[in-house]
$ cat coords00.cif   # mmCIF, C-alpha atoms and all ligand atoms
data_run
#
loop_
_atom_site.label_atom_id
_atom_site.label_comp_id
_atom_site.auth_asym_id
_atom_site.auth_seq_id
_atom_site.Cartn_x
_atom_site.Cartn_y
_atom_site.Cartn_z
CA MET A 44 155.85 248.95 30.29
CA ILE A 45 156.98 246.98 27.25
CA LEU A 46 154.10 244.92 25.96
CA LYS A 47 154.69 242.23 23.37
CA LYS A 48 152.37 240.93 20.68
CA ARG A 49 151.90 237.44 19.35
CA THR A 50 150.89 236.32 15.89
CA ALA A 51 150.97 232.59 16.71
CA CYS A 52 149.90 230.31 19.55
CA PRO A 53 152.68 230.14 22.18
CA LEU A 54 151.80 226.50 22.85
CA CYS A 55 151.52 224.79 19.44
CA HIS A 56 152.81 227.67 17.24
CA SER A 57 149.80 227.52 14.93
CA GLU A 58 148.96 230.85 13.30
CA ASN A 59 145.28 229.99 13.34
CA VAL A 60 144.54 232.25 16.31
CA LYS A 61 141.45 234.42 16.85
CA PRO A 62 140.41 237.14 19.33
CA PHE A 63 138.62 235.49 22.26
CA LYS A 64 137.80 238.20 24.84
CA LYS A 65 138.47 241.88 24.93
CA GLY A 66 140.50 243.11 27.89
CA THR A 67 139.02 245.25 30.67
CA PHE A 68 142.06 247.16 31.92
CA ASP A 69 145.01 249.14 30.69
CA PRO A 70 148.02 246.78 30.82
CA GLU A 71 150.31 249.81 31.05
CA LYS A 72 148.98 250.50 34.55
CA ILE A 73 149.44 247.15 36.23
CA ASN A 74 151.71 246.71 39.25
CA SER A 75 152.81 244.05 41.71
CA SER A 76 149.67 244.22 43.87
CA ASP A 77 147.53 243.14 40.87
CA PHE A 78 149.29 239.78 41.09
CA LYS A 79 148.27 238.93 44.64
CA ILE A 80 146.91 235.42 45.12
CA THR A 81 144.03 236.84 47.11
CA ASP A 82 143.29 239.61 44.59
CA SER A 83 139.53 240.17 44.66
CA ASN A 84 139.45 242.36 41.59
CA TYR A 85 137.62 239.77 39.51
CA GLY A 86 136.70 240.46 35.95
CA SER A 87 139.99 242.27 35.48
CA MET A 88 141.18 240.58 32.34
CA TRP A 89 143.70 240.72 29.55
CA THR A 90 142.72 240.78 25.92
CA PHE A 91 142.75 237.08 25.12
CA PHE A 92 143.24 235.17 21.90
CA SER A 93 142.41 231.52 21.40
CA CYS A 94 144.14 228.94 19.25
CA LYS A 95 141.87 227.06 16.88
CA LYS A 96 144.29 224.17 16.69
CA CYS A 97 145.07 223.30 20.34
CA GLY A 98 142.45 225.30 22.25
CA PHE A 99 144.95 227.34 24.26
CA VAL A 100 143.79 230.82 25.36
CA PHE A 101 146.50 233.43 25.90
CA ALA A 102 146.92 237.12 26.71
CA ASN A 103 147.77 239.16 23.62
CA PRO A 104 149.48 241.59 23.99
CA TYR A 105 151.33 240.26 27.03
CA VAL A 106 153.89 241.35 29.58
CA PRO A 107 157.33 239.74 29.12
CA GLU A 108 158.18 237.04 31.63
CA GLU A 109 161.02 239.05 33.26
CA LYS A 110 158.52 241.73 34.23
CA ILE A 111 156.06 239.20 35.66
CA ILE A 112 158.86 237.63 37.70
CA GLU A 113 159.74 241.08 39.01
CA PHE A 114 156.10 241.55 40.09
CA TYR A 115 156.06 238.23 41.91
CA SER A 116 159.34 238.82 43.69
CA GLN A 117 157.94 242.11 45.07
CA LEU A 118 154.64 240.55 46.01
CA GLU A 119 153.34 240.93 49.55
CA ASP A 120 150.12 239.14 50.31
CA TYR A 121 149.07 239.57 53.93
CA GLU A 122 145.69 237.97 53.38
CA TYR A 123 146.91 234.67 51.93
CA SER A 124 147.82 232.92 55.17
CA SER A 125 144.58 233.89 56.86
CA GLU A 126 142.81 231.34 54.66
CA ALA A 127 145.40 228.64 55.42
CA GLU A 128 142.81 226.26 56.86
CA GLY A 129 140.67 226.16 53.72
CA ARG A 130 143.71 225.94 51.49
CA ALA A 131 145.09 223.08 53.57
CA LYS A 132 141.83 221.19 52.98
CA ASN A 133 142.17 221.62 49.21
CA PHE A 134 145.70 220.31 49.39
CA LYS A 135 144.91 217.36 51.67
CA THR A 136 142.67 215.94 48.95
CA ILE A 137 145.56 216.18 46.48
CA LEU A 138 147.92 214.44 48.90
CA LYS A 139 145.44 211.62 49.47
CA ARG A 140 145.22 211.06 45.73
CA LEU A 141 148.99 211.32 45.32
CA ASN A 142 149.55 208.73 48.05
CA LYS A 143 147.61 206.18 46.02
CA ILE A 144 149.77 206.65 42.92
CA GLU A 145 152.86 204.56 42.35
CA LYS A 146 155.96 206.77 42.14
CA PRO A 147 159.72 206.33 42.06
CA GLY A 148 160.39 207.73 45.54
CA ASN A 149 159.24 210.27 48.11
CA THR A 150 161.06 213.41 46.97
CA LEU A 151 158.73 216.26 46.05
CA LEU A 152 159.22 219.71 44.58
CA ASP A 153 156.47 222.32 44.81
CA VAL A 154 156.94 225.15 42.32
CA GLY A 155 155.31 228.42 43.39
CA ALA A 156 155.07 227.20 46.96
CA ALA A 157 153.62 230.49 48.32
CA SER A 158 153.63 230.40 52.14
CA GLY A 159 154.29 226.65 52.24
CA ILE A 160 150.84 225.37 53.27
CA PHE A 161 151.07 222.42 50.88
CA LEU A 162 154.72 221.65 51.64
CA ASP A 163 154.03 221.60 55.36
CA LEU A 164 151.40 218.90 54.77
CA CYS A 165 153.81 216.99 52.51
CA GLN A 166 156.51 217.00 55.20
CA LYS A 167 154.01 215.65 57.72
CA GLU A 168 153.08 212.88 55.27
CA GLY A 169 156.71 211.85 55.06
CA TYR A 170 157.66 213.40 51.73
CA GLU A 171 161.16 214.79 51.45
CA SER A 172 160.01 218.13 50.12
CA SER A 173 161.48 221.25 48.56
CA GLY A 174 159.83 224.42 47.34
CA ILE A 175 160.54 227.32 45.01
CA GLU A 176 158.91 230.71 45.51
CA PRO A 177 159.84 234.04 43.91
CA SER A 178 158.28 236.28 46.57
CA ARG A 179 160.64 237.15 49.44
CA PHE A 180 157.61 237.97 51.58
CA LEU A 181 156.05 234.51 51.10
CA VAL A 182 159.39 232.75 51.62
CA ASP A 183 159.65 234.53 54.99
CA GLU A 184 156.04 233.58 55.79
CA ALA A 185 156.83 229.90 55.12
CA GLU A 186 159.71 230.04 57.57
CA ARG A 187 157.73 231.95 60.17
CA LEU A 188 154.62 229.76 59.98
CA TYR A 189 156.04 226.29 59.31
CA GLY A 190 159.82 226.53 59.74
CA LEU A 191 160.24 225.74 56.03
CA LYS A 192 163.27 226.87 54.05
CA LEU A 193 162.06 227.58 50.53
CA PHE A 194 164.31 228.48 47.65
CA GLN A 195 163.65 232.13 46.82
CA GLY A 196 163.76 232.67 43.07
CA THR A 197 162.54 231.07 39.89
CA ILE A 198 163.07 227.79 38.11
CA ASP A 199 165.89 229.41 36.13
CA ASP A 200 167.97 229.96 39.27
CA PHE A 201 167.13 226.63 40.89
CA LYS A 202 169.85 223.99 40.45
CA PRO A 203 168.87 220.86 42.37
CA GLN A 204 171.43 218.12 43.11
CA LYS A 205 168.90 215.38 42.50
CA LYS A 206 165.75 214.66 40.51
CA PHE A 207 162.34 214.56 42.14
CA ALA A 208 159.77 211.76 42.22
CA VAL A 209 156.93 214.28 42.30
CA ILE A 210 156.63 217.86 41.03
CA THR A 211 153.58 219.94 41.85
CA LEU A 212 152.34 223.10 40.11
CA LEU A 213 149.27 224.19 42.02
CA ASP A 214 147.64 227.11 40.25
CA ILE A 215 150.87 228.08 38.55
CA ILE A 216 150.75 227.46 34.80
CA GLU A 217 147.99 230.00 34.16
CA HIS A 218 150.39 232.65 35.53
CA LEU A 219 153.14 231.96 33.00
CA THR A 220 153.58 233.65 29.66
CA ASP A 221 155.08 230.53 28.10
CA PRO A 222 153.98 227.29 29.81
CA GLY A 223 155.64 225.18 27.09
CA LYS A 224 159.04 226.72 27.76
CA PHE A 225 158.45 226.27 31.48
CA MET A 226 157.82 222.54 30.97
CA THR A 227 161.14 222.14 29.19
CA LYS A 228 162.82 223.55 32.29
CA ILE A 229 160.83 221.63 34.86
CA LEU A 230 160.69 218.15 33.32
CA PRO A 231 164.44 217.39 33.42
CA MET A 232 164.05 217.72 37.22
CA LEU A 233 161.46 214.93 37.30
CA GLU A 234 162.52 211.27 37.51
CA ASP A 235 161.39 208.84 34.83
CA LYS A 236 157.97 207.51 35.85
CA GLY A 237 157.80 210.53 38.18
CA VAL A 238 154.47 212.22 38.82
CA LEU A 239 153.60 215.75 37.74
CA ILE A 240 150.54 217.29 39.36
CA PHE A 241 148.94 220.51 38.34
CA VAL A 242 145.81 222.46 39.05
CA THR A 243 144.57 225.06 36.61
CA PRO A 244 141.26 226.73 35.71
CA ASP A 245 139.26 225.19 32.85
CA ILE A 246 138.28 227.74 30.21
CA ASN A 247 135.84 225.24 28.71
CA SER A 248 133.96 224.68 31.96
CA PHE A 249 130.31 225.49 32.30
CA ALA A 250 131.12 228.12 34.97
CA ALA A 251 133.55 229.90 32.62
CA ARG A 252 131.03 230.03 29.80
CA PHE A 253 128.08 230.85 32.03
CA ALA A 254 129.78 233.62 34.05
CA GLY A 255 131.47 235.19 31.00
CA LYS A 256 133.59 238.15 32.01
CA ARG A 257 132.50 237.72 35.62
CA TRP A 258 134.17 234.32 35.93
CA TRP A 259 136.25 234.48 39.10
CA HIS A 260 139.37 233.15 37.38
CA TYR A 261 139.57 236.25 35.23
CA ARG A 262 142.11 238.37 37.08
CA THR A 263 145.28 240.19 36.14
CA ALA A 264 147.55 237.41 37.37
CA HIS A 265 146.00 234.85 35.01
CA VAL A 266 147.66 235.35 31.65
CA ASN A 267 146.52 232.14 29.97
CA PHE A 268 143.86 229.46 30.21
CA PHE A 269 143.77 225.78 29.38
CA ASN A 270 141.07 223.28 28.54
CA LEU A 271 141.42 219.53 28.48
CA LYS A 272 142.54 219.56 24.84
CA SER A 273 145.37 222.04 25.38
CA ILE A 274 146.42 220.36 28.64
CA THR A 275 146.63 217.02 26.83
CA TYR A 276 148.58 218.68 24.01
CA LEU A 277 151.05 220.25 26.47
CA LEU A 278 151.64 217.00 28.32
CA GLU A 279 151.98 214.77 25.27
CA LYS A 280 154.37 217.18 23.65
CA HIS A 281 156.55 216.89 26.74
CA ASN A 282 156.42 213.13 26.95
CA CYS A 283 153.92 212.87 29.79
CA LYS A 284 150.62 211.08 29.96
CA ILE A 285 147.60 211.85 32.10
CA ILE A 286 147.04 209.07 34.63
CA LYS A 287 144.26 210.68 36.64
CA ARG A 288 142.15 213.79 36.31
CA LYS A 289 139.82 215.29 38.85
CA ARG A 290 137.79 218.42 39.38
CA TYR A 291 139.37 220.64 42.01
CA ALA A 292 137.05 221.70 44.82
CA TRP A 293 137.60 224.93 46.75
CA ASN A 294 137.48 225.16 50.51
CA PHE A 295 137.33 228.57 52.10
CA SER A 296 135.59 230.47 54.87
CA LEU A 297 132.32 232.32 54.44
CA TYR A 298 134.30 235.48 55.25
CA TYR A 299 136.56 234.92 52.24
CA LEU A 300 133.56 234.48 49.97
CA LEU A 301 131.81 237.60 51.30
CA THR A 302 134.92 239.74 50.92
CA ARG A 303 135.24 238.53 47.30
CA ILE A 304 131.68 239.57 46.55
CA PHE A 305 131.59 242.69 48.73
CA PRO A 306 135.14 244.08 49.03
CA SER A 307 133.86 246.76 51.46
CA PHE A 308 133.12 244.01 53.98
CA LYS A 309 136.86 243.84 54.67
CA LYS A 310 136.88 247.42 55.92
CA LYS A 311 134.30 246.71 58.62
CA LYS A 312 135.61 246.69 62.19
CA PRO A 313 136.43 243.15 63.30
CA GLY A 314 133.72 242.04 65.72
CA THR A 315 131.78 238.97 66.77
CA LEU A 316 129.95 238.74 63.46
CA GLN A 317 133.23 238.68 61.53
CA LYS A 318 134.60 236.04 63.90
CA ILE A 319 131.57 233.81 63.36
CA ILE A 320 131.68 234.30 59.61
CA LYS A 321 135.39 233.46 59.55
CA SER A 322 134.72 230.23 61.40
CA ILE A 323 132.15 228.97 58.88
CA ASN A 324 133.84 226.83 56.26
CA LEU A 325 132.48 226.17 52.82
CA LYS A 326 133.33 223.63 50.18
CA LEU A 327 132.54 224.71 46.68
CA GLN A 328 132.65 222.42 43.69
CA LEU A 329 132.23 224.52 40.56
CA PHE A 330 133.78 221.93 38.24
CA ASP A 331 135.80 224.77 36.71
CA SER A 332 139.36 223.73 37.52
CA TRP A 333 141.31 220.64 36.49
CA GLU A 334 143.46 218.68 38.88
CA ILE A 335 145.75 216.67 36.63
CA TYR A 336 148.08 213.81 37.55
CA ALA A 337 150.53 212.90 34.81
CA GLU A 338 153.41 210.48 34.53
CA LYS A 339 156.68 211.18 32.78
CA LYS A 340 157.19 208.40 30.23
ZN ZN A 401 147.75 226.28 19.80
#

$ encode --input "coords00.cif" --output "C-alpha cells" --more "lines below"
Ligand SMILES: [Zn+2]
Amino acid sequence: MILKKRTACPLCHSENVKPFKKGTFDPEKINSSDFKITDSNYGSMWTFFSCKKCGFVFANPYVPEEKIIEFYSQLEDYEYSSEAEGRAKNFKTILKRLNKIEKPGNTLLDVGAASGIFLDLCQKEGYESSGIEPSRFLVDEAERLYGLKLFQGTIDDFKPQKKFAVITLLDIIEHLTDPGKFMTKILPMLEDKGVLIFVTPDINSFAARFAGKRWWHYRTAHVNFFNLKSITYLLEKHNCKIIKRKRYAWNFSLYYLLTRIFPSFKKKKPGTLQKIIKSINLKLQLFDSWEIYAEKK
C-alpha cells in the first residue's frame, strides 16, 4: 500500500498543523471490508493531525483517493439494508426540512447513495432524483429493493446533462481524502441558489471529546473530521452559505445497538429474542453530527 504524507492542511493549506490523535491500526493492512458502512470495529482510527487555522482534522499519513475508490467499488455490505427502517427515519427528517426550503426546482442528486433508501423517499416526495454510488453491490441492492437505477462510479465519471436544484452528501465528506477538491467537482452540478445538504460527524462535539478514542465515529472509513469552523470555511471558500444547521439524530433498532457493543451477539442463532430486539426502535440524539443546509450564492 502506498501511503502519502501531508505537511499542510488539505483544506486551507496552512502549515500550522499538529498531531491530534495517534492511530490504532496498521494502515498497510486495511482492505475493502474495513470500509463497510455497518463496520462495528469502533475505535479503529488513523493517525490524525489537526489544523490550527481552520480546525480541520485529517488522516496523516493517508491512503490516496484512487485506492479508497477501489475499496468502495469492491464493497459488499449485507447488513446495511437490514437497518433500512431506522435509516429511513433519519432521512425523513432531512426531507421534511428540505421541503421547507426555497429551491430552484425539484431535481436532486444524492452522492454516495448506498442502497438508495434516501432516494426512494425522495422519489415518493416528488423529487426527480438521481444517485451516484461506487459500490456495484449497493447499486444492485438499490435496484432490487426499490427499482432505482443508480449511476455506478464516482463523481469523476458522472457527466449529467443538467444541473440539480439539490445535492445531498449524507455521511460522505468524512470519507474523502480531499473534501475541498471534491467540492470543486460537485458544485458546478448545483444550480445557482441550489441547496447543498450534508451530514458529517462533529469532532468538537461533547461526545467526541468525552468518548475519546472510543467515539463511535472513529473507524477506518472516516479519514477526516470537521467542526463548525472548518465546515463554514469549506462552504465559504466554495461560495456557499449555511442557511440552516441541525443536529442529526440516529434511529436504529436495539439489535443494531447491541451488535455494535457486543459483536458476538450477531453470531447467536436467530430466535424469538433476536426478533423482539430487532423490532424495538431507538432514537438517539448525541448532538455529535452536523446536518448542514447551504445555499450556493
Ligand atoms: Zn486548515

$ residues_near_ligand --input "coords00.cif" --ligand "ligand ZN 401 (chain A)" --cutoff "8 Å" --atoms "only C-alpha atoms and all ligand atoms" --output "PyMOL selection string"
chain A and resi 51-57+59-60+93-99+273

$ closest_residue --input "coords00.cif" --among "A:Ala156, A:Ile216, A:Ile274, A:Ala127" --to "Gly196 (chain A)" --atoms "all atoms listed in the file"
A:Ala156

$ residues_around --input "coords00.cif" --residues "region 44-48 of chain A" --least-positions-apart "3" --cutoff "12 Å" --atoms "all atoms listed in the file" --output "list of chain:residue names"
A:Ala51, A:Cys52, A:Pro53, A:Asp69, A:Pro70, A:Glu71, A:Lys72, A:Ile73, A:Asn74, A:Trp89, A:Thr90, A:Phe91, A:Phe92, A:Phe101, A:Ala102, A:Asn103, A:Pro104, A:Tyr105, A:Val106, A:Pro107, A:Glu108, A:Glu109, A:Lys110, A:Ile111, A:Thr220

$ atom_distance --input "coords00.cif" --atom1 "CA of Pro147 (chain A)" --atom2 "CA of Glu334 (chain A)"
20.7 Å

$ closest_residue --input "coords00.cif" --among "A:Lys280, A:Lys65, A:Lys289, A:Arg130" --to "Gly223 (chain A)" --atoms "all atoms listed in the file"
A:Lys280

$ closest_residue --input "coords00.cif" --among "A:Ala251, A:Leu278, A:Leu325, A:Leu191" --to "Ser158 (chain A)" --atoms "only C-alpha atoms"
A:Leu191

$ atom_distance --input "coords00.cif" --atom1 "CA of Phe308 (chain A)" --atom2 "CA of Ser322 (chain A)"
15.7 Å

$ atom_distance --input "coords00.cif" --atom1 "CA of Phe78 (chain A)" --atom2 "CA of Leu219 (chain A)"
11.9 Å

$ closest_residue --input "coords00.cif" --among "A:Val238, A:Ile319, A:Ile335, A:Ile229" --to "Thr275 (chain A)" --atoms "only C-alpha atoms"
A:Ile335

$ residues_around --input "coords00.cif" --residues "Gln328 (chain A)" --least-positions-apart "2" --cutoff "7 Å" --atoms "all atoms listed in the file" --output "ChimeraX atom specification"
/A:292-293,326,330

$ closest_residue --input "coords00.cif" --among "A:Val100, A:Val266, A:Leu230, A:Leu118" --to "Arg179 (chain A)" --atoms "all atoms listed in the file"
A:Leu118

$ residues_around --input "coords00.cif" --residues "Asn149 (chain A)" --least-positions-apart "3" --cutoff "12 Å" --atoms "all atoms listed in the file" --output "list of chain:residue names"
A:Leu141, A:Asn142, A:Ile144, A:Glu145, A:Lys146, A:Leu152, A:Cys165, A:Gln166, A:Glu168, A:Gly169, A:Tyr170, A:Glu171, A:Ser172, A:Ser173, A:Lys206, A:Phe207, A:Ala208, A:Val209, A:Ile210, A:Leu233, A:Glu234, A:Gly237, A:Val238

$ residues_around --input "coords00.cif" --residues "Tyr261 (chain A)" --least-positions-apart "3" --cutoff "10 Å" --atoms "all atoms listed in the file" --output "JSON, numbers by chain"
{"A": [84, 85, 86, 87, 88, 89, 244, 246, 251, 255, 256, 257, 258, 264, 265, 266, 267, 268]}

$ closest_residue --input "coords00.cif" --among "A:Glu119, A:Glu176, A:Asp183, A:Asp221" --to "Gln195 (chain A)" --atoms "all atoms listed in the file"
A:Glu176

$ residues_near_point --input "coords00.cif" --point "(161.7, 229.9, 36.2)" --cutoff "9 Å" --atoms "only C-alpha atoms" --output "JSON, numbers by chain"
{"A": [112, 177, 196, 197, 198, 199, 200, 201, 225, 228, 229]}
